[in-house]
Amino acid sequence: MNKRKLFFLSILIFICCIIVFYHSILNMADIKYKVPYSNNVAREDLQGRTYKKITITKIKDEKIAFLTFDDGPCLNNTLKILNILNENNIKATFFVVGKQIEKFPVITNKMVEKEMSVMPHSYSHEYKKIYKSIEAYKEDLERCCSVIENITGQKSGVYVRVPGGANNRYCNKAVIEAIRETIREKDMFCVDWNVSGGDAVAGKIPAKIIKDNVLSQCEGKKIAVILLHDAYYKDSTVEALPDIIRGLKEEGYKFKTFNDITLEERKRLMRIRVINV
Ligand SMILES: [Zn+2]
């Protein structure tokens, strides 16, 4: 055998060794996830040693979506949204406006009846008024919470969405910091979002854009808090909602609300600053 043939033969043997080694590593990894026995009864081997069944469950990372609707309830869109959620057997969170729930108590109670999460947003939602001072904000939030309690007969939740977000540019820095401090003192949490439908950037945003905004921003996210609106003039949000839900389901998202958020999920949202304290 000449040197050239010997060289190629060595290369071939080397490649074969690599393949065999790689497969044995894969098999070892696989064994870790194999369930050894089909029941929980302790087994005995030939030497008389007993072994208990060890079940190793490989936990698949699940994706979680919190659909949130701000600024409602309203006469034309909130019930349509509730119907869509109901048809899809999913729940969502509504950050409500106090004066709106005073106008539409029946719709508000429909949300509660359908096991939606009803959380405070603002009583008046008038930026000039609520961001004038920390006292003005405090009064507005307390009024919103007490209206929720009076109408639903339930204690207002501890998750609050500050109008415009917890770091908004409509409020001066000192006041917004004091607002976050106030919310913290009340053992409440400011909930922002990491996905926005963009349905509030103008009066009428086409449904396709809202849907594309949500689905594209959800890409790569294991946990998504999605900002949408159920105000009177947001019919394109309603139009986009079935496609948003379908798209999220196809991507493997499970839907949750701020009523059933776990401590672990809250910590995750705090780490990515969607929940601010
Ligand atoms: Zn709002």
# chains A, B, ... in the order shown; residues from 1 in each chain; ligands from 1
>>> residues_around(residues="Ile148 (chain A)", least_positions_apart="5", cutoff="8 Å", atoms="only C-alpha atoms", output="PyMOL selection string")
chain A and resi 98+101+120+153-156
>>> write_last_selection(atoms="C-alpha atoms", output="CSV table (one decimal), in the first residue's frame")
chain,number,residue,atom,x,y,z
A,98,GLY,CA,-63.2,53.8,36.6
A,101,ILE,CA,-67.1,51.0,34.6
A,120,PRO,CA,-57.2,49.2,37.8
A,153,GLY,CA,-68.2,43.4,44.8
A,154,GLN,CA,-64.7,42.0,44.6
A,155,LYS,CA,-61.5,43.4,46.0
A,156,SER,CA,-59.6,45.4,43.4
>>> residues_near_ligand(ligand="ligand 1", cutoff="9 Å", atoms="only C-alpha atoms and all ligand atoms", output="count of residues only")
18
>>> select_by_dssp(residues="region 48-277 of chain A", states="strand (DSSP E or B)", output="ChimeraX atom specification")
/A:50-51,63-70,93-97,117-122,159-160,189-191,195-196,223-229,253-256,275-276
>>> write_last_selection(atoms="C-alpha atoms", output="PDB file, in the first residue's frame")
ATOM      1  CA  THR A  50     -33.736  -3.043  45.068  1.00  0.00           C
ATOM      2  CA  TYR A  51     -34.304   0.018  42.941  1.00  0.00           C
ATOM      3  CA  LYS A  63     -44.725  29.954  26.246  1.00  0.00           C
ATOM      4  CA  ILE A  64     -47.080  32.208  28.150  1.00  0.00           C
ATOM      5  CA  ALA A  65     -49.114  35.110  26.809  1.00  0.00           C
ATOM      6  CA  PHE A  66     -50.978  37.661  28.908  1.00  0.00           C
ATOM      7  CA  LEU A  67     -53.455  39.434  26.661  1.00  0.00           C
ATOM      8  CA  THR A  68     -54.242  42.801  28.221  1.00  0.00           C
ATOM      9  CA  PHE A  69     -56.857  45.365  27.206  1.00  0.00           C
ATOM     10  CA  ASP A  70     -56.693  48.948  28.439  1.00  0.00           C
ATOM     11  CA  THR A  93     -56.772  40.949  31.726  1.00  0.00           C
ATOM     12  CA  PHE A  94     -58.702  44.217  31.468  1.00  0.00           C
ATOM     13  CA  PHE A  95     -57.055  47.317  32.926  1.00  0.00           C
ATOM     14  CA  VAL A  96     -60.197  49.333  33.362  1.00  0.00           C
ATOM     15  CA  VAL A  97     -61.027  53.016  33.549  1.00  0.00           C
ATOM     16  CA  SER A 117     -59.047  39.635  35.345  1.00  0.00           C
ATOM     17  CA  VAL A 118     -60.257  43.170  36.108  1.00  0.00           C
ATOM     18  CA  MET A 119     -57.424  45.431  37.232  1.00  0.00           C
ATOM     19  CA  PRO A 120     -57.155  49.197  37.815  1.00  0.00           C
ATOM     20  CA  HIS A 121     -55.849  51.537  35.105  1.00  0.00           C
ATOM     21  CA  SER A 122     -57.113  54.963  36.113  1.00  0.00           C
ATOM     22  CA  TYR A 159     -51.650  44.770  39.414  1.00  0.00           C
ATOM     23  CA  VAL A 160     -52.039  48.267  38.063  1.00  0.00           C
ATOM     24  CA  PHE A 189     -47.269  46.192  41.063  1.00  0.00           C
ATOM     25  CA  CYS A 190     -46.960  48.373  37.949  1.00  0.00           C
ATOM     26  CA  VAL A 191     -47.529  46.250  34.871  1.00  0.00           C
ATOM     27  CA  VAL A 195     -45.416  43.414  23.162  1.00  0.00           C
ATOM     28  CA  SER A 196     -47.609  46.175  21.792  1.00  0.00           C
ATOM     29  CA  ILE A 223     -43.392  35.211  28.227  1.00  0.00           C
ATOM     30  CA  ALA A 224     -45.335  38.035  26.611  1.00  0.00           C
ATOM     31  CA  VAL A 225     -47.506  40.749  28.108  1.00  0.00           C
ATOM     32  CA  ILE A 226     -49.446  42.080  25.149  1.00  0.00           C
ATOM     33  CA  LEU A 227     -50.864  45.601  25.127  1.00  0.00           C
ATOM     34  CA  LEU A 228     -54.162  46.125  23.314  1.00  0.00           C
ATOM     35  CA  HIS A 229     -57.105  48.471  23.844  1.00  0.00           C
ATOM     36  CA  TYR A 253     -48.581  30.024  23.717  1.00  0.00           C
ATOM     37  CA  LYS A 254     -50.792  29.332  26.715  1.00  0.00           C
ATOM     38  CA  PHE A 255     -52.951  32.227  27.875  1.00  0.00           C
ATOM     39  CA  LYS A 256     -52.922  33.524  31.431  1.00  0.00           C
ATOM     40  CA  ILE A 275     -43.463  44.491  36.081  1.00  0.00           C
ATOM     41  CA  ASN A 276     -41.930  47.409  37.917  1.00  0.00           C
TER      42      ASN A 276
END
>>> closest_residue(among="A:Ile210, A:Lys132, A:Tyr233, A:Lys3", to="Leu75 (chain A)", atoms="only C-alpha atoms")
A:Tyr233
>>> closest_residue(among="A:Ser124, A:Asn76, A:Thr237, A:Gln217", to="Glu102 (chain A)", atoms="only C-alpha atoms")
A:Ser124
>>> closest_residue(among="A:Ile209, A:Val147, A:Leu241, A:Ala166", to="Asn77 (chain A)", atoms="only C-alpha atoms")
A:Leu241
>>> select_by_dssp(residues="region 34-203 of chain A", states="helix (DSSP H, G or I)", output="PyMOL selection string")
chain A and resi 78-87+98-103+105-113+127-130+134-152+173-185
>>> write_last_selection(atoms="C-alpha atoms", output="compact mmCIF listing (two decimals), in the first residue's frame")
# COMPACT_ATOMS: atom_id res chain seq x y z
CA THR A 78 -65.76 45.04 25.05
CA LEU A 79 -68.57 42.50 24.66
CA LYS A 80 -67.26 41.53 21.21
CA ILE A 81 -63.83 40.92 22.76
CA LEU A 82 -65.39 38.87 25.56
CA ASN A 83 -67.19 36.75 22.96
CA ILE A 84 -64.00 36.12 20.97
CA LEU A 85 -62.12 35.17 24.15
CA ASN A 86 -64.98 32.92 25.17
CA GLU A 87 -65.15 31.18 21.77
CA GLY A 98 -63.16 53.84 36.61
CA LYS A 99 -65.52 56.29 34.93
CA GLN A 100 -66.14 53.75 32.15
CA ILE A 101 -67.09 51.00 34.55
CA GLU A 102 -69.48 53.43 36.26
CA LYS A 103 -71.12 53.90 32.84
CA PRO A 105 -71.50 48.16 35.17
CA VAL A 106 -73.28 45.32 33.38
CA ILE A 107 -70.38 44.87 30.93
CA THR A 108 -67.91 45.06 33.83
CA ASN A 109 -69.73 42.31 35.68
CA LYS A 110 -69.85 40.28 32.49
CA MET A 111 -66.02 40.36 32.55
CA VAL A 112 -66.03 39.04 36.11
CA GLU A 113 -68.65 36.42 35.26
CA TYR A 127 -53.10 62.79 31.86
CA LYS A 128 -53.12 66.51 32.66
CA LYS A 129 -55.15 65.85 35.77
CA ILE A 130 -53.58 62.67 37.13
CA ILE A 134 -48.46 62.62 43.28
CA GLU A 135 -51.56 63.48 45.36
CA ALA A 136 -53.66 63.79 42.19
CA TYR A 137 -52.45 60.39 40.95
CA LYS A 138 -53.04 58.74 44.33
CA GLU A 139 -56.58 60.08 44.50
CA ASP A 140 -57.29 58.89 40.95
CA LEU A 141 -55.96 55.36 41.58
CA GLU A 142 -57.82 55.02 44.89
CA ARG A 143 -61.03 56.15 43.24
CA CYS A 144 -60.57 53.63 40.42
CA CYS A 145 -59.99 50.80 42.93
CA SER A 146 -63.03 51.72 45.03
CA VAL A 147 -65.28 51.92 41.94
CA ILE A 148 -64.09 48.43 40.88
CA GLU A 149 -64.90 47.14 44.38
CA ASN A 150 -68.32 48.79 44.49
CA ILE A 151 -69.38 47.52 41.08
CA THR A 152 -67.93 44.02 41.08
CA LYS A 173 -39.57 62.33 36.39
CA ALA A 174 -40.05 63.20 40.06
CA VAL A 175 -43.81 62.59 39.93
CA ILE A 176 -43.54 59.28 38.03
CA GLU A 177 -40.92 58.06 40.52
CA ALA A 178 -43.22 59.05 43.38
CA ILE A 179 -46.08 57.20 41.63
CA ARG A 180 -44.04 54.00 41.46
CA GLU A 181 -43.10 54.49 45.12
CA THR A 182 -46.79 54.92 46.05
CA ILE A 183 -47.77 51.76 44.17
CA ARG A 184 -44.97 49.87 45.94
CA GLU A 185 -46.14 51.14 49.33
>>> closest_residue(among="A:Asn89, A:Pro73, A:Thr262, A:Asp199", to="Arg246 (chain A)", atoms="only C-alpha atoms")
A:Asn89
>>> atom_distance(atom1="CA of Glu62 (chain A)", atom2="CA of Ala207 (chain A)")
27.4 Å
